[in-house]
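Student: Can you keep this structure in mind? I'll have questions shortly.
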Amino acid sequence: GENVEQHPSTLSVQEGDSAVIKCTYSDSASNYFPWYKQELGKGPQLIIDIRSNVGEKKDQRIAVTLNKTAKHFSLHITETQPEDSAVYFCAAKGQKVTFGTGTKLQVIP
Amino acid sequence: KAGVTQTPRYLIKTRGQQVTLSCSPISGHRSVSWYQQTPGQGLQFLFEYFSETQRNKGNFPGRFSGRQFSNSRSEMNVSTLELGDSALYLCASSLGWQGAHEQYFGPGTRLTVT
């Protein structure tokens, strides 16, 4: 089945700096790659997604890149703010959705 | 538009008992997926229902089952509870099949098995 690896598991950045989270997947049939943000006590919230026919997608301070050949995709957050602090999950969707293990992002004011 | 709602939010059960969790999707959404979230295993897919039919299933034992009603509301049942079933159970709804449409998660049901 699909295997999704996510790195790093924790990430601390200064407010205003950029944060990058990377994921790799194993199933070449995966064609949909969403990213979720989960705050304490809440369910994951979709923040951005990308499909396999696109290499990059941007939404304000958030961007996602996809390299299908290498089977990896990344989340980029620029100008980080304290409210960006949360756990971020990547996922890959082929037959089923498989999630990465999560990255706890801490933005230090 | 109201989001995904899950009831109850918290539940404490004893080993051997059974439990039923409920999920109401966003109005108009026809697909409901269930996930188990634990610190050790992360987010794991349980099953997906679309138009009252189970479309996809994860690698969980038969003690975990679900169903979907004609109004798209879904229930998940766990029988013969084990300590390891303690987890946050999340449901997510989407307009159509989860692979083609964005999923929106509910707040989850925190199940504790003692």
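Within each chain, counting starts at residue 1; across the structure tokens, chains are named A, B, ... in the order shown, with ligands numbered 1 upward in that order.
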Counting only C-alpha atoms, which residues in chain A sit no more than 10 Å from chain B? For each one, give the nearest pair of atoms and the distance in Å, sorted by chain then residue number, as JSON lines.
Tutor:
{"residue": "A:Ser30", "atom": "CA", "partner": "B:Gly99", "partner_atom": "CA", "distance": 9.4}
{"residue": "A:Asn31", "atom": "CA", "partner": "B:Gly99", "partner_atom": "CA", "distance": 8.2}
{"residue": "A:Tyr32", "atom": "CA", "partner": "B:Gly99", "partner_atom": "CA", "distance": 6.8}
{"residue": "A:Phe33", "atom": "CA", "partner": "B:Gly99", "partner_atom": "CA", "distance": 9.5}
{"residue": "A:Pro34", "atom": "CA", "partner": "B:Glu102", "partner_atom": "CA", "distance": 8.1}
{"residue": "A:Tyr36", "atom": "CA", "partner": "B:Phe105", "partner_atom": "CA", "distance": 9.8}
{"residue": "A:Gln38", "atom": "CA", "partner": "B:Pro107", "partner_atom": "CA", "distance": 10.0}
{"residue": "A:Gly41", "atom": "CA", "partner": "B:Pro107", "partner_atom": "CA", "distance": 7.3}
{"residue": "A:Lys42", "atom": "CA", "partner": "B:Pro107", "partner_atom": "CA", "distance": 4.9}
{"residue": "A:Gly43", "atom": "CA", "partner": "B:Pro107", "partner_atom": "CA", "distance": 4.3}
{"residue": "A:Pro44", "atom": "CA", "partner": "B:Phe105", "partner_atom": "CA", "distance": 5.9}
{"residue": "A:Gln45", "atom": "CA", "partner": "B:Phe105", "partner_atom": "CA", "distance": 6.5}
{"residue": "A:Leu46", "atom": "CA", "partner": "B:Tyr104", "partner_atom": "CA", "distance": 6.8}
{"residue": "A:Ile48", "atom": "CA", "partner": "B:Glu102", "partner_atom": "CA", "distance": 9.6}
{"residue": "A:Asp49", "atom": "CA", "partner": "B:Glu102", "partner_atom": "CA", "distance": 8.3}
{"residue": "A:Arg51", "atom": "CA", "partner": "B:Ala100", "partner_atom": "CA", "distance": 9.6}
{"residue": "A:Phe89", "atom": "CA", "partner": "B:Leu43", "partner_atom": "CA", "distance": 9.0}
{"residue": "A:Ala91", "atom": "CA", "partner": "B:Leu43", "partner_atom": "CA", "distance": 9.8}
{"residue": "A:Ala92", "atom": "CA", "partner": "B:Gly99", "partner_atom": "CA", "distance": 9.5}
{"residue": "A:Lys93", "atom": "CA", "partner": "B:Gly99", "partner_atom": "CA", "distance": 6.2}
{"residue": "A:Gly94", "atom": "CA", "partner": "B:Gly99", "partner_atom": "CA", "distance": 7.2}
{"residue": "A:Gln95", "atom": "CA", "partner": "B:Gly99", "partner_atom": "CA", "distance": 7.6}
{"residue": "A:Lys96", "atom": "CA", "partner": "B:Asn56", "partner_atom": "CA", "distance": 7.1}
{"residue": "A:Val97", "atom": "CA", "partner": "B:Phe45", "partner_atom": "CA", "distance": 6.8}
{"residue": "A:Thr98", "atom": "CA", "partner": "B:Phe45", "partner_atom": "CA", "distance": 7.1}
{"residue": "A:Phe99", "atom": "CA", "partner": "B:Leu43", "partner_atom": "CA", "distance": 6.1}
{"residue": "A:Gly100", "atom": "CA", "partner": "B:Gly42", "partner_atom": "CA", "distance": 7.8}
{"residue": "A:Thr101", "atom": "CA", "partner": "B:Gly42", "partner_atom": "CA", "distance": 5.6}
{"residue": "A:Gly102", "atom": "CA", "partner": "B:Gly42", "partner_atom": "CA", "distance": 7.6}
Student: Please identify all polymer residues within 10 Å of region 60-71 of chain B, counting only C-alpha atoms, omitting same-chain residues fewer than 6 positions from it, and present them as a VMD selection string.
Tutor: chain B and resid 18 to 25 27 to 34 36 44 to 54 77 to 81 85
Student: What is the CA of Arg73 (chain B)-CA of Thr7 (chain B) distance in Å, reported with one decimal?
Tutor: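 Taking CA of Arg73 (chain B) and CA of Thr7 (chain B), their separation equals 11.4 Å.
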Student: Within 8 Å of region 53-67 of chain A, counting only C-alpha atoms, which residues show up once you throw out same-chain ones fewer than 5 positions away? Write them as an NGL selection string, please.
Tutor: :A and (31 or 48 or 72-79)
Student: Go ahead and write the selection's residues with all heavy atoms as a PDB file, in the first residue's frame.
Tutor:
ATOM      1  N   ASN A  31      -2.585  10.668  -6.983  1.00  0.00           N
ATOM      2  CA  ASN A  31      -2.801  11.799  -7.884  1.00  0.00           C
ATOM      3  C   ASN A  31      -3.358  13.039  -7.196  1.00  0.00           C
ATOM      4  O   ASN A  31      -3.688  14.035  -7.834  1.00  0.00           O
ATOM      5  CB  ASN A  31      -3.736  11.386  -9.020  1.00  0.00           C
ATOM      6  CG  ASN A  31      -5.048  10.827  -8.506  1.00  0.00           C
ATOM      7  OD1 ASN A  31      -5.378  10.981  -7.330  1.00  0.00           O
ATOM      8  ND2 ASN A  31      -5.797  10.180  -9.375  1.00  0.00           N
ATOM      9  N   ILE A  48      -4.358  23.653   1.724  1.00  0.00           N
ATOM     10  CA  ILE A  48      -3.999  23.739   0.311  1.00  0.00           C
ATOM     11  C   ILE A  48      -3.880  22.320  -0.229  1.00  0.00           C
ATOM     12  O   ILE A  48      -3.632  21.380   0.530  1.00  0.00           O
ATOM     13  CB  ILE A  48      -2.677  24.530   0.114  1.00  0.00           C
ATOM     14  CG1 ILE A  48      -2.499  24.945  -1.347  1.00  0.00           C
ATOM     15  CG2 ILE A  48      -1.482  23.730   0.612  1.00  0.00           C
ATOM     16  CD1 ILE A  48      -1.408  25.992  -1.570  1.00  0.00           C
ATOM     17  N   HIS A  72       7.920  13.370  -4.464  1.00  0.00           N
ATOM     18  CA  HIS A  72       7.878  14.156  -3.240  1.00  0.00           C
ATOM     19  C   HIS A  72       7.179  15.483  -3.457  1.00  0.00           C
ATOM     20  O   HIS A  72       7.097  16.005  -4.573  1.00  0.00           O
ATOM     21  CB  HIS A  72       9.269  14.304  -2.596  1.00  0.00           C
ATOM     22  CG  HIS A  72      10.262  15.082  -3.382  1.00  0.00           C
ATOM     23  ND1 HIS A  72      10.189  16.439  -3.583  1.00  0.00           N
ATOM     24  CD2 HIS A  72      11.404  14.678  -3.982  1.00  0.00           C
ATOM     25  CE1 HIS A  72      11.232  16.837  -4.283  1.00  0.00           C
ATOM     26  NE2 HIS A  72      11.973  15.800  -4.538  1.00  0.00           N
ATOM     27  N   PHE A  73       6.615  15.977  -2.366  1.00  0.00           N
ATOM     28  CA  PHE A  73       5.912  17.250  -2.402  1.00  0.00           C
ATOM     29  C   PHE A  73       6.192  17.994  -1.104  1.00  0.00           C
ATOM     30  O   PHE A  73       6.515  17.383  -0.082  1.00  0.00           O
ATOM     31  CB  PHE A  73       4.409  17.061  -2.652  1.00  0.00           C
ATOM     32  CG  PHE A  73       3.693  16.144  -1.690  1.00  0.00           C
ATOM     33  CD1 PHE A  73       2.735  16.647  -0.824  1.00  0.00           C
ATOM     34  CD2 PHE A  73       3.931  14.774  -1.673  1.00  0.00           C
ATOM     35  CE1 PHE A  73       2.041  15.821   0.037  1.00  0.00           C
ATOM     36  CE2 PHE A  73       3.255  13.934  -0.807  1.00  0.00           C
ATOM     37  CZ  PHE A  73       2.306  14.461   0.044  1.00  0.00           C
ATOM     38  N   SER A  74       6.123  19.304  -1.183  1.00  0.00           N
ATOM     39  CA  SER A  74       6.533  20.136  -0.049  1.00  0.00           C
ATOM     40  C   SER A  74       5.535  21.255   0.195  1.00  0.00           C
ATOM     41  O   SER A  74       4.907  21.763  -0.738  1.00  0.00           O
ATOM     42  CB  SER A  74       7.903  20.756  -0.309  1.00  0.00           C
ATOM     43  OG  SER A  74       8.882  19.774  -0.531  1.00  0.00           O
ATOM     44  N   LEU A  75       5.459  21.643   1.456  1.00  0.00           N
ATOM     45  CA  LEU A  75       4.644  22.787   1.874  1.00  0.00           C
ATOM     46  C   LEU A  75       5.587  23.909   2.272  1.00  0.00           C
ATOM     47  O   LEU A  75       6.526  23.689   3.036  1.00  0.00           O
ATOM     48  CB  LEU A  75       3.760  22.407   3.060  1.00  0.00           C
ATOM     49  CG  LEU A  75       2.904  23.528   3.644  1.00  0.00           C
ATOM     50  CD1 LEU A  75       1.769  23.891   2.694  1.00  0.00           C
ATOM     51  CD2 LEU A  75       2.343  23.135   5.016  1.00  0.00           C
ATOM     52  N   HIS A  76       5.337  25.090   1.742  1.00  0.00           N
ATOM     53  CA  HIS A  76       6.157  26.250   2.054  1.00  0.00           C
ATOM     54  C   HIS A  76       5.250  27.312   2.676  1.00  0.00           C
ATOM     55  O   HIS A  76       4.241  27.694   2.070  1.00  0.00           O
ATOM     56  CB  HIS A  76       6.795  26.817   0.782  1.00  0.00           C
ATOM     57  CG  HIS A  76       7.610  25.822   0.025  1.00  0.00           C
ATOM     58  ND1 HIS A  76       8.984  25.859  -0.018  1.00  0.00           N
ATOM     59  CD2 HIS A  76       7.250  24.743  -0.721  1.00  0.00           C
ATOM     60  CE1 HIS A  76       9.433  24.858  -0.758  1.00  0.00           C
ATOM     61  NE2 HIS A  76       8.396  24.168  -1.194  1.00  0.00           N
ATOM     62  N   ILE A  77       5.623  27.784   3.860  1.00  0.00           N
ATOM     63  CA  ILE A  77       4.907  28.876   4.499  1.00  0.00           C
ATOM     64  C   ILE A  77       5.885  30.031   4.640  1.00  0.00           C
ATOM     65  O   ILE A  77       6.945  29.898   5.255  1.00  0.00           O
ATOM     66  CB  ILE A  77       4.367  28.476   5.897  1.00  0.00           C
ATOM     67  CG1 ILE A  77       3.525  27.198   5.812  1.00  0.00           C
ATOM     68  CG2 ILE A  77       3.540  29.628   6.481  1.00  0.00           C
ATOM     69  CD1 ILE A  77       3.083  26.671   7.175  1.00  0.00           C
ATOM     70  N   THR A  78       5.542  31.156   4.051  1.00  0.00           N
ATOM     71  CA  THR A  78       6.421  32.332   4.145  1.00  0.00           C
ATOM     72  C   THR A  78       5.870  33.309   5.182  1.00  0.00           C
ATOM     73  O   THR A  78       4.690  33.237   5.552  1.00  0.00           O
ATOM     74  CB  THR A  78       6.527  33.045   2.788  1.00  0.00           C
ATOM     75  OG1 THR A  78       5.200  33.423   2.373  1.00  0.00           O
ATOM     76  CG2 THR A  78       7.136  32.148   1.721  1.00  0.00           C
ATOM     77  N   GLU A  79       6.736  34.187   5.653  1.00  0.00           N
ATOM     78  CA  GLU A  79       6.358  35.222   6.629  1.00  0.00           C
ATOM     79  C   GLU A  79       5.518  34.619   7.761  1.00  0.00           C
ATOM     80  O   GLU A  79       4.402  35.066   8.031  1.00  0.00           O
ATOM     81  CB  GLU A  79       5.586  36.339   5.931  1.00  0.00           C
ATOM     82  CG  GLU A  79       6.400  37.031   4.846  1.00  0.00           C
ATOM     83  CD  GLU A  79       5.532  37.966   3.998  1.00  0.00           C
ATOM     84  OE1 GLU A  79       4.496  38.470   4.507  1.00  0.00           O
ATOM     85  OE2 GLU A  79       5.882  38.170   2.838  1.00  0.00           O
TER      86      GLU A  79
END
Student: Between A:Gln81, A:Lys37, A:Ala70, A:Cys90, which has the minimum distance to Ser12 (chain A) (counting only C-alpha atoms)?
Tutor: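 Selected residue with least distance to Ser12 (chain A): A:Gln81.
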Student: Check the DSSP output for the backbone and give back, as a ChimeraX atom specification, the residues of region 3-102 of chain B in strand (DSSP E or B).
Tutor: /B:5-7,10-13,19-24,31-38,42-50,53-57,64-68,74-78,87-94
Student: Which polymer residues have any atom within 7 Å of an atom of Ser85 (chain A), counting only C-alpha atoms, with same-chain residues fewer than 3 positions away left out, as a list in words?
Tutor: Pro82, Leu105, Gln106 and Val107 of chain A
Student: Point out the residue among B:Thr114, B:Thr38, B:Ser93, B:Gln6 with the least atom-to-atom distance to Ser72 (chain B), counting only C-alpha atoms.
Tutor: B:Ser93
Student: To one decimal place, how far is CA of Asp17 (chain A) from CA of Glu5 (chain A) in Å?
Tutor: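 Distance between the two atoms: 24.1 Å.
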Student: State, in Å with one decimal place, the distance from CA of Lys22 (chain A) to CA of Ser86 (chain B).
Tutor: 29.2 Å
